[in-house]
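work-v9.csv follows; it contains CSV, C-alpha atoms.
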chain,number,residue,atom,x,y,z
A,1,MET,CA,70.6,48.0,214.1
A,2,ALA,CA,68.8,49.2,217.1
A,3,ASP,CA,65.7,51.3,216.3
A,4,THR,CA,66.2,53.9,219.0
A,5,SER,CA,65.3,57.4,217.9
A,6,LEU,CA,68.2,59.9,217.5
A,7,PHE,CA,66.6,62.3,220.1
A,8,THR,CA,66.5,59.5,222.7
A,9,ILE,CA,70.1,58.6,222.0
A,10,PHE,CA,71.1,62.2,222.4
A,11,MET,CA,69.2,62.7,225.7
A,12,GLU,CA,70.5,59.4,227.0
A,13,GLY,CA,74.1,60.2,226.1
A,14,VAL,CA,74.0,63.7,227.7
A,15,PHE,CA,71.9,63.1,230.8
A,16,ILE,CA,70.3,59.7,231.6
A,17,LYS,CA,73.5,57.7,230.9
A,18,ASN,CA,75.8,60.5,231.8
A,19,PHE,CA,79.3,59.1,231.6
A,20,LEU,CA,80.8,60.7,234.7
A,21,LEU,CA,78.0,60.6,237.2
A,22,ILE,CA,75.8,57.6,236.2
A,23,GLN,CA,78.2,55.2,234.4
A,24,PHE,CA,81.5,56.1,236.2
A,25,LEU,CA,83.5,56.3,233.0
A,26,GLY,CA,86.5,58.7,232.9
A,27,LEU,CA,86.7,59.4,236.6
A,28,CYS,CA,90.5,59.8,236.6
A,29,SER,CA,90.1,63.1,234.7
A,30,PHE,CA,87.0,63.9,236.7
A,31,VAL,CA,88.9,64.2,240.0
A,32,GLY,CA,92.3,65.0,238.4
A,33,VAL,CA,91.6,67.9,235.9
A,34,THR,CA,88.8,69.7,237.7
A,35,LYS,CA,90.8,71.9,240.0
A,36,ASP,CA,90.1,75.0,237.7
A,37,VAL,CA,87.6,75.7,235.0
A,38,LYS,CA,90.1,76.5,232.3
A,39,SER,CA,91.8,73.1,232.3
A,40,ALA,CA,88.5,71.3,232.7
A,41,ALA,CA,87.2,73.2,229.6
A,42,GLY,CA,90.4,72.2,227.7
A,43,MET,CA,90.1,68.6,228.6
A,44,SER,CA,86.4,68.5,227.8
A,45,GLY,CA,87.0,70.1,224.3
A,46,ALA,CA,89.6,67.4,223.6
A,47,VAL,CA,87.3,64.6,224.8
A,48,VAL,CA,84.3,65.8,222.7
A,49,PHE,CA,86.4,65.9,219.6
A,50,VAL,CA,88.2,62.6,220.1
A,51,MET,CA,85.0,60.8,221.2
A,52,THR,CA,83.0,61.8,218.1
A,53,MET,CA,85.9,60.9,215.8
A,54,ALA,CA,86.5,57.6,217.6
A,55,SER,CA,82.9,56.6,217.4
A,56,THR,CA,82.9,57.3,213.7
A,57,ALA,CA,86.1,55.5,213.0
A,58,SER,CA,85.4,52.5,215.1
A,59,TYR,CA,82.0,52.0,213.6
A,60,LEU,CA,83.5,51.9,210.1
A,61,ILE,CA,86.2,49.5,211.1
A,62,TYR,CA,83.9,47.2,213.1
A,63,THR,CA,81.2,47.1,210.4
A,64,TYR,CA,83.3,47.0,207.3
A,65,LEU,CA,86.4,45.2,208.4
A,66,LEU,CA,86.0,43.1,211.5
A,67,VAL,CA,82.5,41.7,210.9
A,68,PRO,CA,82.9,40.6,207.3
A,69,LEU,CA,86.2,38.9,208.2
A,70,LYS,CA,84.7,37.4,211.3
A,71,MET,CA,87.3,38.8,213.5
A,72,GLU,CA,85.2,40.4,216.3
A,73,PHE,CA,87.5,38.9,218.9
A,74,LEU,CA,90.1,41.5,217.8
A,75,SER,CA,87.7,44.4,218.4
A,76,LEU,CA,89.1,45.5,221.7
A,77,ILE,CA,92.7,45.6,220.4
A,78,SER,CA,91.7,47.3,217.2
A,79,PHE,CA,89.6,50.0,219.0
A,80,ILE,CA,92.5,50.8,221.3
A,81,VAL,CA,94.9,51.1,218.3
A,82,VAL,CA,92.3,53.3,216.5
A,83,ILE,CA,91.9,55.6,219.5
A,84,ALA,CA,95.6,55.9,220.0
A,85,ALA,CA,96.3,56.6,216.3
A,86,LEU,CA,93.4,59.1,216.2
A,87,VAL,CA,94.8,61.0,219.2
A,88,GLN,CA,98.2,61.2,217.5
A,89,LEU,CA,96.6,62.3,214.3
A,90,VAL,CA,94.5,65.0,216.0
A,91,GLU,CA,97.6,66.2,217.8
A,92,PHE,CA,99.6,66.5,214.5
A,93,VAL,CA,96.7,68.4,212.8
A,94,VAL,CA,96.0,70.7,215.6
A,95,ARG,CA,99.7,71.5,216.2
A,96,LYS,CA,100.2,72.4,212.6
A,97,ASN,CA,97.0,74.3,211.8
A,98,MET,CA,95.8,75.7,215.1
A,99,PRO,CA,98.7,76.6,217.4
A,100,PRO,CA,96.6,78.5,220.0
A,101,LEU,CA,94.3,75.6,220.4
A,102,TYR,CA,97.2,73.2,220.6
A,103,ARG,CA,98.7,75.3,223.4
A,104,SER,CA,95.5,75.0,225.4
A,105,LEU,CA,94.7,71.4,224.6
A,106,GLY,CA,98.2,70.1,224.2
A,107,ILE,CA,98.8,68.4,227.5
A,108,TYR,CA,95.4,66.8,227.6
A,109,LEU,CA,95.5,65.0,224.3
A,110,PRO,CA,97.9,62.2,225.3
A,111,LEU,CA,95.8,61.7,228.5
A,112,ILE,CA,92.8,60.8,226.3
A,113,SER,CA,94.2,57.7,224.7
A,114,THR,CA,93.9,56.0,228.1
A,115,ASN,CA,90.7,57.7,229.2
A,116,CYS,CA,88.1,55.0,229.7
A,117,ALA,CA,85.3,57.4,228.6
A,118,VAL,CA,86.4,57.2,225.0
A,119,LEU,CA,86.9,53.5,224.9
A,120,GLY,CA,83.6,53.1,226.9
A,121,ALA,CA,81.7,55.1,224.3
A,122,VAL,CA,83.0,53.0,221.5
A,123,LEU,CA,82.3,49.7,223.3
A,124,LEU,CA,78.8,50.8,224.3
A,125,ASN,CA,78.1,51.7,220.6
A,126,VAL,CA,79.0,48.2,219.6
A,127,ARG,CA,77.0,46.5,222.4
A,128,SER,CA,73.9,48.6,221.8
A,129,ASP,CA,74.1,47.6,218.1
A,130,TYR,CA,73.8,51.2,217.0
A,131,GLY,CA,73.9,52.2,213.3
A,132,PHE,CA,76.2,54.8,211.8
A,133,ALA,CA,74.3,58.0,212.6
A,134,GLN,CA,73.4,56.6,216.1
A,135,SER,CA,77.0,55.8,216.9
A,136,VAL,CA,78.3,59.2,215.9
A,137,LEU,CA,75.5,61.0,217.7
A,138,PHE,CA,76.0,58.9,220.9
A,139,GLY,CA,79.7,59.8,220.8
A,140,LEU,CA,78.9,63.4,220.5
A,141,ALA,CA,76.2,63.4,223.1
A,142,ALA,CA,78.4,61.5,225.6
A,143,GLY,CA,81.1,64.2,225.0
A,144,ILE,CA,78.6,67.0,225.7
A,145,GLY,CA,77.4,65.3,228.9
A,146,TYR,CA,81.0,64.9,230.0
A,147,THR,CA,81.6,68.6,229.3
A,148,ILE,CA,78.6,69.8,231.2
A,149,VAL,CA,79.6,67.8,234.3
A,150,MET,CA,83.2,68.7,234.1
A,151,LEU,CA,82.4,72.4,233.9
A,152,MET,CA,79.9,72.2,236.9
A,153,MET,CA,82.4,70.3,239.0
A,154,SER,CA,85.3,72.5,238.3
A,155,ALA,CA,83.3,75.7,238.9
A,156,ILE,CA,82.2,74.3,242.3
A,157,ARG,CA,85.7,73.1,243.3
A,158,GLU,CA,87.2,76.4,242.2
A,159,ARG,CA,84.8,78.3,244.5
A,160,SER,CA,85.1,75.9,247.4
A,161,THR,CA,88.9,76.2,247.7
A,162,LEU,CA,88.5,79.1,250.2
A,163,VAL,CA,85.9,77.3,252.3
A,164,SER,CA,87.1,76.3,255.8
A,165,ILE,CA,86.6,72.5,256.2
A,166,PRO,CA,88.4,69.9,258.2
A,167,SER,CA,91.8,69.1,256.7
A,168,ALA,CA,91.0,65.4,256.4
A,169,ILE,CA,88.2,66.1,254.0
A,170,ARG,CA,90.2,68.6,251.9
A,171,GLY,CA,91.2,67.3,248.5
A,172,LEU,CA,89.8,64.0,247.1
A,173,PRO,CA,87.1,63.3,249.8
A,174,GLN,CA,85.7,66.7,249.2
A,175,ALA,CA,85.7,66.1,245.4
A,176,PHE,CA,83.8,62.9,246.0
A,177,LEU,CA,81.3,64.5,248.2
A,178,ILE,CA,80.6,67.3,245.6
A,179,ALA,CA,80.2,64.5,243.1
A,180,LEU,CA,77.7,62.9,245.4
A,181,MET,CA,75.5,66.0,245.3
A,182,LEU,CA,75.7,66.3,241.5
A,183,SER,CA,75.1,62.6,241.0
A,184,MET,CA,72.0,62.6,243.3
A,185,ALA,CA,70.6,65.5,241.2
A,186,PHE,CA,71.3,63.6,238.0
A,187,VAL,CA,69.9,60.3,239.1
A,188,ASN,CA,66.7,61.5,240.8
A,189,TYR,CA,65.9,64.3,238.4
A,190,PHE,CA,66.5,62.7,235.0
A,191,TRP,CA,65.1,59.3,235.8
A,192,VAL,CA,61.6,60.8,236.3
A,193,ILE,CA,61.5,62.4,232.8
A,194,PRO,CA,60.0,59.8,230.4
A,195,ILE,CA,61.5,60.0,226.9
B,1,MET,CA,113.5,43.2,249.5
B,2,ASN,CA,111.7,40.1,250.7
B,3,PRO,CA,108.6,38.6,249.0
B,4,LEU,CA,106.3,39.0,252.0
B,5,SER,CA,106.9,42.7,252.5
B,6,GLU,CA,106.5,43.3,248.8
B,7,PHE,CA,103.1,41.5,249.0
B,8,ILE,CA,101.9,43.4,252.1
B,9,ARG,CA,103.0,46.7,250.5
B,10,GLY,CA,100.4,46.3,247.8
B,11,ILE,CA,97.7,46.1,250.5
B,12,THR,CA,98.8,48.9,252.7
B,13,ARG,CA,101.1,51.7,251.4
B,14,ASP,CA,100.6,51.1,247.7
B,15,ASN,CA,97.0,50.1,247.9
B,16,PRO,CA,95.7,50.9,244.4
B,17,ILE,CA,92.6,52.8,245.6
B,18,PHE,CA,93.6,54.6,248.8
B,19,GLY,CA,97.3,54.8,248.3
B,20,LEU,CA,97.9,55.3,244.6
B,21,VAL,CA,94.4,56.5,243.7
B,22,LEU,CA,94.3,54.5,240.5
B,23,GLY,CA,91.5,52.7,238.8
B,24,LEU,CA,88.6,54.6,240.2
B,25,CYS,CA,86.1,53.8,237.5
B,26,PRO,CA,85.6,50.1,238.2
B,27,THR,CA,85.9,50.7,241.9
B,28,LEU,CA,82.8,52.9,241.9
B,29,ALA,CA,80.9,51.3,239.0
B,30,VAL,CA,80.8,47.6,239.9
B,31,THR,CA,80.6,47.8,243.7
B,32,THR,CA,76.8,47.5,243.8
B,33,SER,CA,77.3,44.1,245.5
B,34,VAL,CA,80.1,41.9,247.0
B,35,GLU,CA,79.6,39.4,244.3
B,36,ASN,CA,80.3,41.9,241.5
B,37,ALA,CA,83.2,43.2,243.4
B,38,ILE,CA,84.8,39.7,243.6
B,39,GLY,CA,84.2,39.1,239.9
B,40,MET,CA,85.7,42.4,238.9
B,41,SER,CA,88.8,41.8,241.2
B,42,ALA,CA,89.3,38.3,239.8
B,43,GLY,CA,89.3,39.6,236.2
B,44,THR,CA,91.7,42.5,237.1
B,45,ALA,CA,94.0,40.2,239.1
B,46,PHE,CA,94.3,37.7,236.2
B,47,VAL,CA,95.2,40.5,233.8
B,48,LEU,CA,97.5,42.2,236.3
B,49,VAL,CA,99.5,39.1,237.1
B,50,PHE,CA,100.0,38.0,233.5
B,51,ALA,CA,100.7,41.6,232.3
B,52,ASN,CA,103.3,42.1,235.0
B,53,LEU,CA,104.9,38.7,234.3
B,54,PHE,CA,105.2,39.2,230.5
B,55,VAL,CA,106.3,42.9,230.8
B,56,SER,CA,108.9,41.8,233.2
B,57,LEU,CA,110.1,38.9,231.0
B,58,LEU,CA,110.3,41.1,228.0
B,59,ARG,CA,111.7,44.2,229.7
B,60,LYS,CA,115.2,43.9,228.2
B,61,GLN,CA,113.8,43.4,224.7
B,62,ILE,CA,111.2,46.3,224.7
B,63,PRO,CA,112.7,49.5,223.4
B,64,SER,CA,111.9,52.3,225.8
B,65,THR,CA,110.5,54.7,223.2
B,66,VAL,CA,107.7,52.4,222.2
B,67,ARG,CA,107.1,50.7,225.5
B,68,LEU,CA,103.6,52.1,226.2
B,69,PRO,CA,102.0,50.7,223.0
B,70,ILE,CA,103.7,47.4,223.6
B,71,PHE,CA,102.4,47.3,227.2
B,72,ILE,CA,98.9,48.1,226.0
B,73,ILE,CA,99.0,45.3,223.4
B,74,ILE,CA,100.1,42.8,226.1
B,75,ILE,CA,97.4,44.0,228.4
B,76,ALA,CA,94.7,44.0,225.7
B,77,THR,CA,95.5,40.4,224.8
B,78,PHE,CA,94.9,39.2,228.4
B,79,VAL,CA,91.8,41.4,228.7
B,80,SER,CA,90.4,39.7,225.6
B,81,ILE,CA,91.1,36.3,227.2
B,82,VAL,CA,89.2,37.3,230.4
B,83,ASP,CA,86.4,38.8,228.4
B,84,MET,CA,85.9,35.6,226.4
B,85,ILE,CA,86.3,33.2,229.4
B,86,MET,CA,83.8,35.2,231.5
B,87,GLU,CA,81.3,35.4,228.7
B,88,ALA,CA,81.5,31.6,228.2
B,89,TYR,CA,81.5,30.4,231.8
B,90,SER,CA,79.7,33.0,233.9
B,91,PRO,CA,77.2,34.9,231.7
B,92,SER,CA,75.3,36.4,234.6
B,93,MET,CA,78.5,38.0,236.1
B,94,TYR,CA,79.5,39.1,232.6
B,95,ALA,CA,76.1,40.8,232.1
B,96,ALA,CA,76.3,42.5,235.5
B,97,LEU,CA,79.9,43.8,235.0
B,98,GLY,CA,79.0,44.9,231.4
B,99,VAL,CA,81.4,47.1,229.7
B,100,PHE,CA,83.8,47.2,232.6
B,101,ILE,CA,85.4,43.9,231.8
B,102,PRO,CA,86.8,45.1,228.4
B,103,LEU,CA,87.6,48.4,230.1
B,104,ILE,CA,90.2,46.7,232.3
B,105,VAL,CA,92.5,47.4,229.4
B,106,VAL,CA,92.5,51.1,230.2
B,107,ASN,CA,92.6,50.6,234.0
B,108,CYS,CA,95.4,52.8,235.2
B,109,ILE,CA,96.4,50.2,237.9
B,110,ILE,CA,97.7,47.7,235.3
B,111,ILE,CA,99.6,50.1,233.0
B,112,GLY,CA,100.8,51.9,236.1
B,113,ARG,CA,102.3,48.7,237.7
B,114,ALA,CA,103.8,47.6,234.3
B,115,GLU,CA,105.5,51.0,234.0
B,116,ALA,CA,106.5,51.6,237.6
B,117,TYR,CA,107.3,48.1,238.7
B,118,ALA,CA,107.5,45.3,236.2
B,119,ASN,CA,109.6,47.3,233.8
B,120,ARG,CA,112.3,47.5,236.4
B,121,ASN,CA,112.1,44.3,238.4
B,122,GLY,CA,112.5,40.5,237.7
B,123,PRO,CA,109.6,38.2,236.9
B,124,PHE,CA,109.3,36.7,240.4
B,125,TYR,CA,108.9,40.0,242.3
B,126,SER,CA,106.7,41.4,239.5
B,127,VAL,CA,104.2,38.6,240.1
B,128,ILE,CA,104.4,39.1,243.9
B,129,ASP,CA,103.7,42.8,243.4
B,130,ALA,CA,100.8,42.0,241.1
B,131,LEU,CA,99.4,39.6,243.7
B,132,GLY,CA,99.7,42.1,246.5
B,133,ILE,CA,98.1,44.9,244.4
B,134,SER,CA,95.3,42.6,243.4
B,135,THR,CA,94.6,41.6,247.0
B,136,GLY,CA,94.5,45.3,248.0
B,137,PHE,CA,92.1,46.0,245.2
B,138,LEU,CA,89.9,43.0,246.1
B,139,LEU,CA,89.7,44.0,249.8
B,140,VAL,CA,88.8,47.6,249.0
B,141,LEU,CA,86.2,46.6,246.4
B,142,MET,CA,84.7,44.1,248.9
B,143,LEU,CA,84.6,46.7,251.6
B,144,ILE,CA,82.8,49.3,249.4
B,145,GLY,CA,80.6,46.6,247.8
B,146,GLY,CA,79.7,45.3,251.3
B,147,ILE,CA,78.8,48.7,252.7
B,148,ARG,CA,76.7,49.6,249.7
B,149,GLU,CA,74.9,46.2,249.5
B,150,LEU,CA,74.2,46.1,253.2
B,151,LEU,CA,72.8,49.6,253.4
B,152,GLY,CA,71.1,49.5,250.0
B,153,SER,CA,69.3,46.1,250.2
B,154,GLY,CA,69.6,45.1,253.9
B,155,GLN,CA,71.5,42.0,253.3
B,156,ILE,CA,74.7,40.6,251.7
B,157,VAL,CA,74.1,37.7,249.4
B,158,THR,CA,77.2,36.1,247.8
B,159,PHE,CA,76.9,33.3,245.3
B,160,GLY,CA,73.6,32.1,246.8
B,161,HIS,CA,74.6,32.3,250.5
B,162,THR,CA,73.1,35.0,252.7
B,163,LEU,CA,76.0,36.2,254.8
B,164,ILE,CA,74.6,39.1,256.8
B,165,THR,CA,71.0,40.4,257.2
B,166,LEU,CA,70.1,43.6,258.9
B,167,PRO,CA,67.3,43.3,261.5
B,168,VAL,CA,65.6,46.4,260.0
B,169,ASP,CA,65.1,47.1,256.3
B,170,PRO,CA,67.0,50.3,255.6
B,171,SER,CA,65.9,50.6,252.0
B,172,VAL,CA,68.3,53.4,251.2
B,173,THR,CA,68.1,52.6,247.5
B,174,ASN,CA,70.4,55.5,246.7
B,175,MET,CA,73.3,53.4,248.1
B,176,ILE,CA,73.0,51.0,245.2
B,177,LEU,CA,72.5,53.8,242.7
B,178,PRO,CA,75.5,55.9,241.6
B,179,PRO,CA,75.4,58.5,244.5
B,180,GLY,CA,76.0,55.7,247.1
B,181,ALA,CA,79.4,55.0,245.5
B,182,PHE,CA,80.5,58.6,245.7
B,183,LEU,CA,79.3,58.8,249.3
B,184,THR,CA,81.0,55.6,250.4
B,185,ILE,CA,84.4,56.3,248.9
B,186,GLY,CA,84.3,59.9,250.0
B,187,ILE,CA,83.7,58.9,253.6
B,188,LEU,CA,86.3,56.1,253.5
B,189,MET,CA,88.9,58.4,252.1
B,190,ALA,CA,88.2,61.0,254.7
B,191,ILE,CA,88.6,58.4,257.5
B,192,ILE,CA,91.9,57.2,256.0
B,193,ASN,CA,93.2,60.8,255.7
B,194,TYR,CA,92.2,61.5,259.3
B,195,GLN,CA,94.2,58.4,260.5
B,196,LYS,CA,97.2,59.4,258.4
B,197,GLU,CA,97.1,62.9,259.9
B,198,LYS,CA,96.9,61.6,263.4
B,199,LYS,CA,99.9,59.4,262.7
B,200,ARG,CA,101.8,62.4,261.4
B,201,ALA,CA,100.8,64.5,264.3
B,202,ARG,CA,102.3,61.9,266.7
B,203,GLY,CA,105.5,62.2,264.7
B,204,GLU,CA,105.6,58.7,263.2

Entire entry expressed as C-alpha cells:
Amino acid sequence: MADTSLFTIFMEGVFIKNFLLIQFLGLCSFVGVTKDVKSAAGMSGAVVFVMTMASTASYLIYTYLLVPLKMEFLSLISFIVVIAALVQLVEFVVRKNMPPLYRSLGIYLPLISTNCAVLGAVLLNVRSDYGFAQSVLFGLAAGIGYTIVMLMMSAIRERSTLVSIPSAIRGLPQAFLIALMLSMAFVNYFWVIPI
Amino acid sequence: MNPLSEFIRGITRDNPIFGLVLGLCPTLAVTTSVENAIGMSAGTAFVLVFANLFVSLLRKQIPSTVRLPIFIIIIATFVSIVDMIMEAYSPSMYAALGVFIPLIVVNCIIIGRAEAYANRNGPFYSVIDALGISTGFLLVLMLIGGIRELLGSGQIVTFGHTLITLPVDPSVTNMILPPGAFLTIGILMAIINYQKEKKRARGE
C-alpha cells in the first residue's frame, strides 16, 4: 500500500492530476456535453457518483478476488464489466427512487460506461497501489476535479456563443482554445504549490 | 466499393480525429513525442484490426440486443494482449504511455468502427477499413507529436535517430506540457475547418 497521505491524494485528484486538463481523461464529454451549464452539471453529478462507486467496487474485487486467485490479467475485463454493471444498477435505483434526478441524469448515465475517466480512475488506483480509503478518496477527488473543470468550461462556452469570431474557429477549435487557457492556468498555478 | 478507396477514406473523409472526432484522449495525452505517437498508434491499430475482423466474422451470430457488451469483451481481450506484449517487450514505451494502453478499450474509435462498419460488412472490407482508420490515426498522431516535440524540445528524436533539429532552441516547454496539446489540435482543426469552408464556398 502506498503511504501517501489522504490530503495529498485529494489535492492531487482535484487539481494537480486533474483528469480533464492535465491527464486528458474523459475529453469526449469535455467537448461534447459542455455547451450549456445544466447538462455539464448533470454529467458531472453522474460521473462523481459512478467514479466513487467504481473505485470502491473495483478495489474490493481486485484485492479480494483477483489477487488471491492470481488472475490479475483479467483485471481490465473485470473492471469494465464492474463499471457497466454499476452504471446499470445506479440507473435502476435512481429511476425507481428519485425520478426527478433520473430525468436530469438519465441520458448521461449510459455515456459513462464508456467514459475513459471512470476506467482511468480505477486503473490509476491499481497502478498507484492505493489502499481502500485512498482508492475511494481518489475516485471522489477525481470526480470533484472533473466537476470543477466541466462547470468552468460550460460557463465560458455558454457566454462565448454570442461573441463574433471567424466561422472557422467556431465550434470545436474554439472549445480547444478555451481549454488551452484553462489548462495553462492549472499547469502553471498548481505545479508551484508544494504539497 | 473497391479496397483502395475504402482504405483512403479512413485517412481523409473518415479520419478518426478530424473527420469523426473520436478518440481524443489518447490523441492529446500521448503526443508529447513522435515515438510515443507511433507506439500508441501501433497498439490501437492492432486492436482495431482484430476487433473489426472478429466482430465482422461473428456479426451473424451476435444478437443485436446484447451486441455492445459482446463488442466490449472482444475489444478488451485484444487490449489485454497488447498490454501484456508491450509490458514484456518494450517496457520504456509501456511506461511512457502508462494508463493509455489499457484505456484503448474505451477508445470510441474502436467501438465506433465495430458498430458502424464491421457489424454490417464482410471480414475483408472490415480489415481494410481498420487499416485505413489506423493509418489516419497514425498520421494525425505523428503530425501533432512532431509539432509538439519540435517546438517543445527543439528536435525530433525517434528510436535513437535525430530526424530534425531546429537551429535555435525554442524551449517553449509548454508545448510538451498539457496546454501544448490543446493549442496544437485547436489550430489544426481551425485550419481544416477553414479549408473545408473555402471548398464549400467554391461550390465543390

Point-to-point distance from atom CA of A:Ile148 to atom CA of A:Ile22, Å rounded to tenths: 13.5 Å

Distance-based interface of chain A with chain B, 6 Å, counting all atoms listed in the file, as an MDAnalysis selection string: chainID A and resid 22 24:25 27 77 114 116 168:169 173 176:177 180 183:184

Which of B:Arg148, B:Met40, B:Val34, B:Asn119 sits closest to B:Gly160 [using all atoms listed in the file]: B:Val34

Shell around stretch 5-12 of chain B at 6 Å using only C-alpha atoms, local window under 6 positions removed, as a PyMOL selection string: chain B and resi 128-129+132-133+136

Using only C-alpha atoms, please write the residues we just selected to a file, as a PDB file, keeping the file's coordinate frame.
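Result went into again.pdb, see below:
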ATOM      1  CA  ILE B 128     104.400  39.100 243.900  1.00  0.00           C
ATOM      2  CA  ASP B 129     103.700  42.800 243.400  1.00  0.00           C
ATOM      3  CA  GLY B 132      99.700  42.100 246.500  1.00  0.00           C
ATOM      4  CA  ILE B 133      98.100  44.900 244.400  1.00  0.00           C
ATOM      5  CA  GLY B 136      94.500  45.300 248.000  1.00  0.00           C
TER       6      GLY B 136
END

Stretch 154-156 of chain A environment, 9 Å, all atoms listed in the file, sequence neighbours closer than 2 positions dropped, as a list in words: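 In the requested form, the answer reads Phe30, Val33, Thr34, Lys35, Asp36, Val37, Lys38, Ser39, Ala40, Ala41, Val149, Met150, Leu151, Met152, Glu158, Arg159, Ser160, Thr161 and Ile178 of chain A.
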
File of the preceding selection, C-alpha atoms, as a CSV table (one decimal), keeping the file's coordinate frame:
chain,number,residue,atom,x,y,z
A,30,PHE,CA,87.0,63.9,236.7
A,33,VAL,CA,91.6,67.9,235.9
A,34,THR,CA,88.8,69.7,237.7
A,35,LYS,CA,90.8,71.9,240.0
A,36,ASP,CA,90.1,75.0,237.7
A,37,VAL,CA,87.6,75.7,235.0
A,38,LYS,CA,90.1,76.5,232.3
A,39,SER,CA,91.8,73.1,232.3
A,40,ALA,CA,88.5,71.3,232.7
A,41,ALA,CA,87.2,73.2,229.6
A,149,VAL,CA,79.6,67.8,234.3
A,150,MET,CA,83.2,68.7,234.1
A,151,LEU,CA,82.4,72.4,233.9
A,152,MET,CA,79.9,72.2,236.9
A,158,GLU,CA,87.2,76.4,242.2
A,159,ARG,CA,84.8,78.3,244.5
A,160,SER,CA,85.1,75.9,247.4
A,161,THR,CA,88.9,76.2,247.7
A,178,ILE,CA,80.6,67.3,245.6

Which of B:Arg200, B:Asn15, B:Gly112, B:Ser126 sits closest to B:Leu68 [using all atoms listed in the file]: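 Among the listed residues, B:Gly112 lies closest to B:Leu68.
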
Exercise: B:Phe71 partners within 8 Å, only C-alpha atoms, chain neighbours under 5 positions left out, as a list in words: Ala51, Val55, Ile111 and Ala114 of chain B

Selection near A:Leu60, 12 Å with all atoms listed in the file, sequence-local residues under 6 positions removed, as a list in words: Met53, Ala54, Leu66, Val67, Pro68, Ser75, Ser78, Phe79, Val82, Val122, Asn125, Val126, Tyr130, Gly131, Phe132, Ala133, Ser135 and Val136 of chain A

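The nearest approach to A:Asn188 among the residues A:Leu172, A:Leu21, A:Val50, A:Met11, with all atoms listed in the file taken into account, belongs to A:Leu21.
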
Nearest-residue call for A:Phe19, choices A:Val31, A:Ile80, A:Ala141, A:Ala117, using all atoms listed in the file: A:Ala117

Selected residue, from A:Gly45, A:Gly32, A:Gly13, A:Pro166, that lies nearest to A:Ala121 when counting all atoms listed in the file: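 Answer, going by the shortest atom-to-atom distance: A:Gly13.
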
Nearest candidate to B:Thr135 (options B:Leu4, B:Ala45, B:Leu151, B:Phe159; using only C-alpha atoms):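 Checking each candidate against B:Thr135, we get B:Ala45 as the closest.
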
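Of note, atom CA of B:Ile156 and atom CA of B:Leu139 are spaced 15.5 Å apart.
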
Separation of atom CA of B:Phe18 from atom CA of A:Arg170, in Å and rounded to one decimal: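 Between atom CA of B:Phe18 and atom CA of A:Arg170 the gap works out to 14.7 Å.
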